[in-house]
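Okay, entry37.cif now, which holds mmCIF, C-alpha atoms:
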data_entry
#
loop_
_atom_site.label_atom_id
_atom_site.label_comp_id
_atom_site.auth_asym_id
_atom_site.auth_seq_id
_atom_site.Cartn_x
_atom_site.Cartn_y
_atom_site.Cartn_z
CA MET A 1 4.04 -67.50 97.86
CA ASN A 2 3.55 -67.13 94.11
CA LYS A 3 0.04 -66.55 92.93
CA ILE A 4 -1.40 -69.64 91.20
CA PRO A 5 -2.81 -68.88 87.77
CA CYS A 6 -6.64 -68.91 87.45
CA LYS A 7 -6.47 -71.51 84.68
CA ILE A 8 -4.95 -74.07 87.10
CA ILE A 9 -7.56 -73.25 89.75
CA GLU A 10 -10.34 -73.70 87.15
CA ASP A 11 -8.91 -77.13 86.26
CA LEU A 12 -8.83 -78.09 89.95
CA LEU A 13 -12.36 -76.87 90.77
CA PRO A 14 -14.17 -80.11 89.72
CA MET A 15 -11.92 -82.13 92.05
CA TYR A 16 -12.52 -79.59 94.82
CA ILE A 17 -16.31 -79.77 94.35
CA ASP A 18 -16.22 -83.59 94.34
CA GLN A 19 -13.94 -83.47 97.39
CA VAL A 20 -11.27 -85.68 95.86
CA CYS A 21 -8.28 -83.38 96.27
CA SER A 22 -5.71 -83.27 99.06
CA ASN A 23 -6.05 -80.92 102.02
CA GLU A 24 -3.16 -78.78 100.71
CA THR A 25 -4.84 -78.36 97.32
CA LYS A 26 -8.14 -77.61 99.05
CA GLU A 27 -6.50 -74.87 101.12
CA ILE A 28 -4.85 -73.33 98.06
CA ILE A 29 -8.16 -73.27 96.13
CA GLU A 30 -10.09 -71.74 99.05
CA ASN A 31 -7.47 -68.99 99.50
CA HIS A 32 -7.55 -68.24 95.78
CA LEU A 33 -11.40 -68.09 95.73
CA LYS A 34 -11.35 -65.52 98.55
CA GLN A 35 -9.12 -63.23 96.50
CA CYS A 36 -10.38 -63.87 92.92
CA ASP A 37 -13.95 -62.91 92.01
CA LYS A 38 -13.68 -64.45 88.53
CA CYS A 39 -12.77 -67.93 89.90
CA ALA A 40 -15.40 -67.59 92.67
CA LYS A 41 -18.10 -67.04 89.98
CA ILE A 42 -16.85 -70.05 88.01
CA PHE A 43 -16.84 -72.07 91.24
CA ASN A 44 -20.47 -71.07 91.99
CA MET A 45 -21.53 -72.02 88.45
CA HIS A 46 -19.85 -75.43 88.80
CA LYS A 47 -21.61 -75.95 92.15
CA ILE A 48 -25.01 -75.08 90.63
CA GLU A 49 -24.41 -77.39 87.64
CA THR A 50 -23.40 -80.22 89.96
CA LYS A 51 -26.51 -79.71 92.10
CA LEU A 52 -28.71 -79.68 88.98
CA LYS A 53 -27.09 -82.86 87.71
CA ASN A 54 -27.66 -84.51 91.10
CA VAL A 55 -31.29 -83.36 91.17
CA GLU A 56 -31.78 -84.54 87.59
CA SER A 57 -30.17 -87.90 88.41
CA ASP A 58 -32.30 -88.26 91.57
CA THR A 59 -35.43 -87.35 89.59
CA LYS A 60 -34.59 -89.92 86.92
CA ASN A 61 -33.96 -92.52 89.61
CA ASP A 62 -37.26 -91.66 91.32
CA ILE A 63 -39.12 -91.92 88.01
CA LEU A 64 -37.43 -95.23 87.18
CA ASP A 65 -38.13 -96.54 90.69
CA GLY A 66 -41.78 -95.53 90.31
CA ILE A 67 -42.04 -97.22 86.93
CA ALA A 68 -40.34 -100.35 88.28
CA HIS A 69 -42.69 -100.42 91.28
CA LYS A 70 -45.77 -100.04 89.06
CA TRP A 71 -44.44 -102.73 86.71
CA ARG A 72 -43.82 -105.17 89.59
CA LYS A 73 -47.26 -104.40 90.99
CA SER A 74 -48.93 -104.92 87.59
CA ILE A 75 -47.08 -108.23 87.16
CA GLY A 76 -48.34 -109.34 90.58
CA ILE A 77 -51.89 -108.32 89.74
CA ALA A 78 -51.68 -110.04 86.33
CA PHE A 79 -50.33 -113.19 88.01
CA LEU A 80 -53.21 -113.23 90.51
CA LYS A 81 -55.72 -112.62 87.72
CA GLY A 82 -54.18 -115.46 85.71
CA ILE A 83 -54.38 -117.83 88.67
CA SER A 84 -57.99 -116.89 89.39
CA ILE A 85 -58.96 -117.30 85.72
CA ALA A 86 -57.16 -120.65 85.52
CA PHE A 87 -58.83 -121.80 88.75
CA THR A 88 -62.25 -120.70 87.45
CA VAL A 89 -61.73 -122.49 84.13
CA LEU A 90 -60.55 -125.62 85.97
CA LEU A 91 -63.65 -125.57 88.19
CA LEU A 92 -65.82 -125.08 85.13
CA ILE A 93 -64.19 -128.02 83.33
CA ILE A 94 -64.54 -130.22 86.42
CA GLY A 95 -68.18 -129.16 86.79
CA ILE A 96 -68.96 -129.91 83.15
CA TYR A 97 -67.14 -133.25 83.31
CA TYR A 98 -68.97 -134.16 86.54
CA GLY A 99 -72.32 -133.09 85.10
CA LEU A 100 -71.88 -134.98 81.84
CA PHE A 101 -70.09 -138.15 82.91
CA ILE A 102 -70.39 -138.68 86.67
CA TYR A 103 -73.58 -137.05 87.91
CA GLN A 104 -76.52 -139.32 87.53
CA GLY A 105 -79.85 -137.64 87.11
CA SER A 106 -83.03 -139.01 88.57
CA ILE A 107 -83.68 -142.67 89.26
CA ILE A 108 -85.37 -144.60 86.48
CA PRO A 109 -88.69 -145.81 87.92
CA ALA A 110 -89.24 -149.56 88.23
CA GLU A 111 -92.08 -149.50 85.67
CA GLN A 112 -89.58 -148.28 83.05
CA VAL A 113 -87.06 -151.06 83.76
CA THR A 114 -87.21 -154.72 82.82
CA ILE A 115 -85.48 -156.85 85.45
CA ASP A 116 -84.54 -160.46 84.74
CA LEU A 117 -83.24 -162.52 87.64
CA GLU A 118 -81.06 -165.62 87.28
CA GLU A 119 -79.63 -167.76 90.07
CA LYS A 120 -76.45 -169.79 89.45
CA ASP A 121 -74.27 -171.54 92.00
CA GLY A 122 -75.75 -169.56 94.90
CA LYS A 123 -75.23 -166.25 93.12
CA ILE A 124 -77.92 -163.95 91.85
CA PHE A 125 -77.54 -162.09 88.58
CA LEU A 126 -79.82 -159.20 87.77
CA GLU A 127 -80.10 -158.10 84.16
CA MET A 128 -81.71 -154.69 83.93
CA GLN A 129 -82.80 -152.95 80.76
CA THR A 130 -84.60 -149.63 80.34
CA LYS A 131 -87.85 -149.50 78.38
CA ASP A 132 -87.57 -145.85 77.36
CA GLY A 133 -85.32 -146.56 74.37
CA TYR A 134 -82.26 -144.65 75.55
CA VAL A 135 -78.77 -145.80 76.47
CA GLY A 136 -76.61 -144.15 79.08
CA CYS A 137 -77.44 -145.42 82.56
CA GLY A 138 -75.53 -145.53 85.77
CA MET A 139 -76.11 -147.89 88.64
CA ASP A 140 -76.22 -147.21 92.35
CA VAL A 141 -75.88 -150.12 94.81
CA VAL A 142 -76.65 -149.41 98.47
CA PRO A 143 -76.34 -152.18 101.08
CA ASP A 144 -78.52 -151.60 104.15
CA GLY A 145 -78.11 -154.35 106.74
CA LYS A 146 -79.85 -157.45 105.38
CA ASN A 147 -81.23 -155.54 102.40
CA LEU A 148 -79.64 -154.49 99.13
CA TYR A 149 -80.99 -151.61 97.04
CA ILE A 150 -80.09 -151.41 93.37
CA ALA A 151 -81.18 -148.48 91.22
CA LEU A 152 -80.50 -147.30 87.69
CA TYR A 153 -80.01 -143.62 87.08
CA ARG A 154 -80.27 -141.80 83.81
CA SER A 155 -77.09 -139.97 82.99
CA ILE A 156 -77.24 -136.56 81.37
CA LEU A 157 -75.55 -137.84 78.23
CA ASN A 158 -77.69 -140.48 76.62
CA GLU A 159 -78.71 -141.38 73.15
CA LYS A 160 -81.55 -143.24 71.50
CA ILE A 161 -81.05 -146.97 71.12
CA LYS A 162 -80.66 -147.95 67.48
CA ASN A 163 -82.98 -150.58 66.04
CA GLY A 164 -82.01 -154.06 67.13
CA GLU A 165 -79.63 -152.87 69.85
CA LYS A 166 -80.18 -152.91 73.57
CA GLU A 167 -78.40 -151.84 76.69
CA VAL A 168 -78.39 -154.45 79.44
CA ILE A 169 -76.84 -153.66 82.79
CA THR A 170 -75.88 -156.73 84.79
CA TYR A 171 -75.20 -156.94 88.49
CA GLY A 172 -74.15 -160.10 90.30
CA VAL A 173 -74.17 -160.73 94.04
CA ASN A 174 -73.77 -163.66 96.41
CA PRO A 175 -76.56 -163.06 98.97
CA ILE A 176 -75.39 -165.86 101.29
CA GLU A 177 -71.85 -164.50 101.47
CA LYS A 178 -73.13 -160.95 101.99
CA ASP A 179 -75.96 -162.14 104.28
CA TYR A 180 -78.70 -160.40 102.28
CA GLU A 181 -82.28 -161.49 102.82
CA THR A 182 -83.93 -159.17 100.30
CA ILE A 183 -82.88 -157.37 97.13
CA PHE A 184 -84.87 -154.33 96.02
CA TYR A 185 -84.90 -152.22 92.91
CA GLY A 186 -85.03 -148.52 93.79
CA THR A 187 -84.04 -146.40 96.75
CA GLN A 188 -84.76 -146.90 100.44
CA ASP A 189 -87.72 -144.52 100.05
CA ASN A 190 -89.16 -145.87 96.80
CA TYR A 191 -88.55 -149.51 95.82
CA ILE A 192 -89.95 -152.82 94.60
CA LYS A 193 -88.87 -156.24 95.81
CA VAL A 194 -86.84 -158.22 93.28
CA TRP A 195 -85.67 -161.18 95.35
CA SER A 196 -85.93 -162.54 98.89
CA LYS A 197 -84.82 -165.71 100.72
#

As a first step, turn the structure in this file into structure tokens.
Amino acid sequence: MNKIPCKIIEDLLPMYIDQVCSNETKEIIENHLKQCDKCAKIFNMHKIETKLKNVESDTKNDILDGIAHKWRKSIGIAFLKGISIAFTVLLLIIGIYYGLFIYQGSIIPAEQVTIDLEEKDGKIFLEMQTKDGYVGCGMDVVPDGKNLYIALYRSILNEKIKNGEKEVITYGVNPIEKDYETIFYGTQDNYIKVWSK
């Protein structure tokens, strides 16, 4: 068999290293490498370069995978922080809204409230007005069997009544229909009688 020139073997070495050549070509290259020290050195250099490229590629992939993992983790942490901050802000807004507009402070004592009672067509109308000169009351109505308790509460947001103005809070009830015998101003613990049968 004729000896194959080294130049052809050198051209075939990359295919041999990548294992993409036929078995016949592989056999020819291996036989040549056993007999030719020059091509064997070139082959070893190609093998080392290929290994270095693979290591470099693996290292880059590992680095990129690490960066991607850290990025995904930081996005998850940022998302959780955002949700917790949004939830905290929402609770704060709800708390402020409740405190300013819904929560009623302490009951306004009976001595600070003027109560006018009017009966019409079997119904009772209570007109209540605070004496302290501030607007901004809420009303609490608590039925308790044959009794009805009505109380005014001072809201947190209130303002001084301007001269000539007044705030009157009216409540109407049909005591016969509801079967009430007594209506009180105040709470079940602290009250004054306003009306009874």

Point-to-point distance from atom CA of A:Thr50 to atom CA of A:Gln19, Å rounded to tenths
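Taking atom CA of A:Thr50 as the start and atom CA of A:Gln19 as the end point, the length is 12.5 Å.
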
Result set of the PyMOL selection byres ((chain A and resi 30) around 12) on the coordinates above, as JSON, numbers by chain
{"A": [4, 9, 12, 13, 16, 17, 23, 24, 25, 26, 27, 28, 29, 31, 32, 33, 34, 35, 36, 37, 39, 40, 43]}

Just give me the residues with any atom within 10 Å of (-75.4, -154.1, 90.6), file coordinates, counting all atoms listed in the file, written as an MDAnalysis selection string.
chainID A and resid 125:128 138:142 148:152 169:173 185

Pick out the closest residue to A:Asn147 from this set: A:Glu181, A:Glu167, A:Asp121, A:Glu159. Count only C-alpha atoms.
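Using only C-alpha atoms, A:Asn147 sits closest to A:Glu181.
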
State, in Å with one decimal place, the distance from atom CA of A:Val20 to atom CA of A:Asp62.
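Atom CA of A:Asp62 lies at a distance of 27.1 Å from atom CA of A:Val20.
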
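Between A:Ile42 and the candidates A:Val113, A:Lys197, A:Lys7, A:Ile161, the tightest atom-to-atom separation, counting all atoms listed in the file, involves A:Lys7.
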
Atom CA of A:Asp18 and atom CA of A:Lys41, how far apart in Å?
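Calculated distance between atom CA of A:Lys41 and atom CA of A:Asp18 is 17.2 Å.
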
Of the listed residues A:Thr114, A:Lys120, A:Tyr134, A:Lys38, that which approaches A:Asn163 most closely, counting all atoms listed in the file
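Of all the options, A:Tyr134 lies closest to A:Asn163.
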
Could you give me, as a PyMOL selection string, the residues that sit within 12 Å of (-74.9, -167.1, 102.4) in the file's coordinates, counting only C-alpha atoms?
chain A and resi 121-124+146+173-181+197

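If only C-alpha atoms are the atoms counted, then among A:Ile96, A:Gly66, A:Asp144, A:Asp132 the closest residue to A:Gln188 is A:Asp144.
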
As AutoDock Vina command-line options: centre and edge lengths in Å, one decimal, of the axis-aligned box holding stretch 115-133 of chain A with 5 Å per side:
--center_x -81.1 --center_y -158.7 --center_z 84.6 --size_x 23.6 --size_y 35.7 --size_z 30.5

Find the residues near A:Ala110: any atom within 10 Å, counting all atoms listed in the file, skip ones fewer than 5 places away on the same chain, and give them as a ChimeraX atom specification.
/A:115,130-131,151-152,185-186,190-192

Please reconstruct the missing atoms of stretch 168-179 of chain A (target: all heavy atoms) and return them as a compact mmCIF listing (two decimals), keeping the file's coordinate frame.
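Written out: rebuild-v7.txt:
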# COMPACT_ATOMS: atom_id res chain seq x y z
N VAL A 168 -78.07 -153.62 78.28
CA VAL A 168 -78.39 -154.45 79.44
C VAL A 168 -77.31 -154.20 80.48
O VAL A 168 -76.12 -154.28 80.21
CB VAL A 168 -78.43 -155.95 79.06
CG1 VAL A 168 -78.70 -156.80 80.29
CG2 VAL A 168 -79.48 -156.20 77.99
N ILE A 169 -77.77 -153.90 81.68
CA ILE A 169 -76.84 -153.66 82.79
C ILE A 169 -76.99 -154.85 83.73
O ILE A 169 -78.09 -155.17 84.20
CB ILE A 169 -77.16 -152.34 83.50
CG1 ILE A 169 -76.96 -151.19 82.51
CG2 ILE A 169 -76.29 -152.16 84.73
CD1 ILE A 169 -77.45 -149.87 82.97
N THR A 170 -75.87 -155.52 83.97
CA THR A 170 -75.88 -156.73 84.79
C THR A 170 -75.20 -156.47 86.12
O THR A 170 -74.17 -155.81 86.18
CB THR A 170 -75.15 -157.88 84.06
OG1 THR A 170 -75.76 -158.05 82.78
CG2 THR A 170 -75.23 -159.17 84.84
N TYR A 171 -75.81 -157.03 87.16
CA TYR A 171 -75.20 -156.94 88.49
C TYR A 171 -75.29 -158.32 89.13
O TYR A 171 -76.36 -158.94 89.16
CB TYR A 171 -75.92 -155.91 89.36
CG TYR A 171 -75.30 -155.77 90.73
CD1 TYR A 171 -74.11 -155.09 90.90
CD2 TYR A 171 -75.90 -156.37 91.84
CE1 TYR A 171 -73.53 -154.98 92.15
CE2 TYR A 171 -75.32 -156.25 93.10
CZ TYR A 171 -74.13 -155.55 93.24
OH TYR A 171 -73.55 -155.44 94.48
N GLY A 172 -74.17 -158.80 89.63
CA GLY A 172 -74.15 -160.10 90.30
C GLY A 172 -73.79 -159.95 91.76
O GLY A 172 -72.96 -159.12 92.12
N VAL A 173 -74.44 -160.80 92.61
CA VAL A 173 -74.17 -160.73 94.04
C VAL A 173 -74.37 -162.13 94.63
O VAL A 173 -75.17 -162.92 94.15
CB VAL A 173 -75.10 -159.70 94.73
CG1 VAL A 173 -76.55 -160.09 94.63
CG2 VAL A 173 -74.70 -159.47 96.17
N ASN A 174 -73.60 -162.41 95.66
CA ASN A 174 -73.77 -163.66 96.41
C ASN A 174 -74.47 -163.30 97.72
O ASN A 174 -73.85 -162.84 98.66
CB ASN A 174 -72.42 -164.31 96.69
CG ASN A 174 -72.55 -165.67 97.34
OD1 ASN A 174 -73.56 -165.98 97.95
ND2 ASN A 174 -71.52 -166.48 97.20
N PRO A 175 -75.81 -163.51 97.79
CA PRO A 175 -76.56 -163.06 98.97
C PRO A 175 -76.19 -163.83 100.24
O PRO A 175 -76.28 -163.28 101.34
CB PRO A 175 -78.02 -163.27 98.59
CG PRO A 175 -78.01 -164.22 97.46
CD PRO A 175 -76.68 -164.09 96.79
N ILE A 176 -75.75 -165.07 100.11
CA ILE A 176 -75.39 -165.86 101.29
C ILE A 176 -74.10 -165.30 101.88
O ILE A 176 -73.98 -165.08 103.09
CB ILE A 176 -75.24 -167.36 100.94
CG1 ILE A 176 -76.60 -167.90 100.47
CG2 ILE A 176 -74.70 -168.15 102.11
CD1 ILE A 176 -76.54 -169.25 99.83
N GLU A 177 -73.13 -165.05 101.02
CA GLU A 177 -71.85 -164.50 101.47
C GLU A 177 -72.04 -163.12 102.09
O GLU A 177 -71.43 -162.78 103.09
CB GLU A 177 -70.90 -164.42 100.26
CG GLU A 177 -69.52 -163.93 100.59
CD GLU A 177 -68.66 -163.84 99.32
OE1 GLU A 177 -68.37 -164.90 98.73
OE2 GLU A 177 -68.33 -162.71 98.93
N LYS A 178 -72.90 -162.32 101.50
CA LYS A 178 -73.13 -160.95 101.99
C LYS A 178 -74.22 -160.90 103.06
O LYS A 178 -74.47 -159.86 103.64
CB LYS A 178 -73.54 -160.03 100.83
CG LYS A 178 -72.49 -159.90 99.75
CD LYS A 178 -71.35 -159.06 100.24
CE LYS A 178 -70.37 -158.80 99.11
NZ LYS A 178 -69.28 -157.97 99.50
N ASP A 179 -74.91 -162.03 103.27
CA ASP A 179 -75.96 -162.14 104.28
C ASP A 179 -77.15 -161.23 103.97
O ASP A 179 -77.73 -160.61 104.86
CB ASP A 179 -75.40 -161.85 105.68
CG ASP A 179 -76.30 -162.39 106.78
OD1 ASP A 179 -77.04 -163.35 106.51
OD2 ASP A 179 -76.28 -161.82 107.89
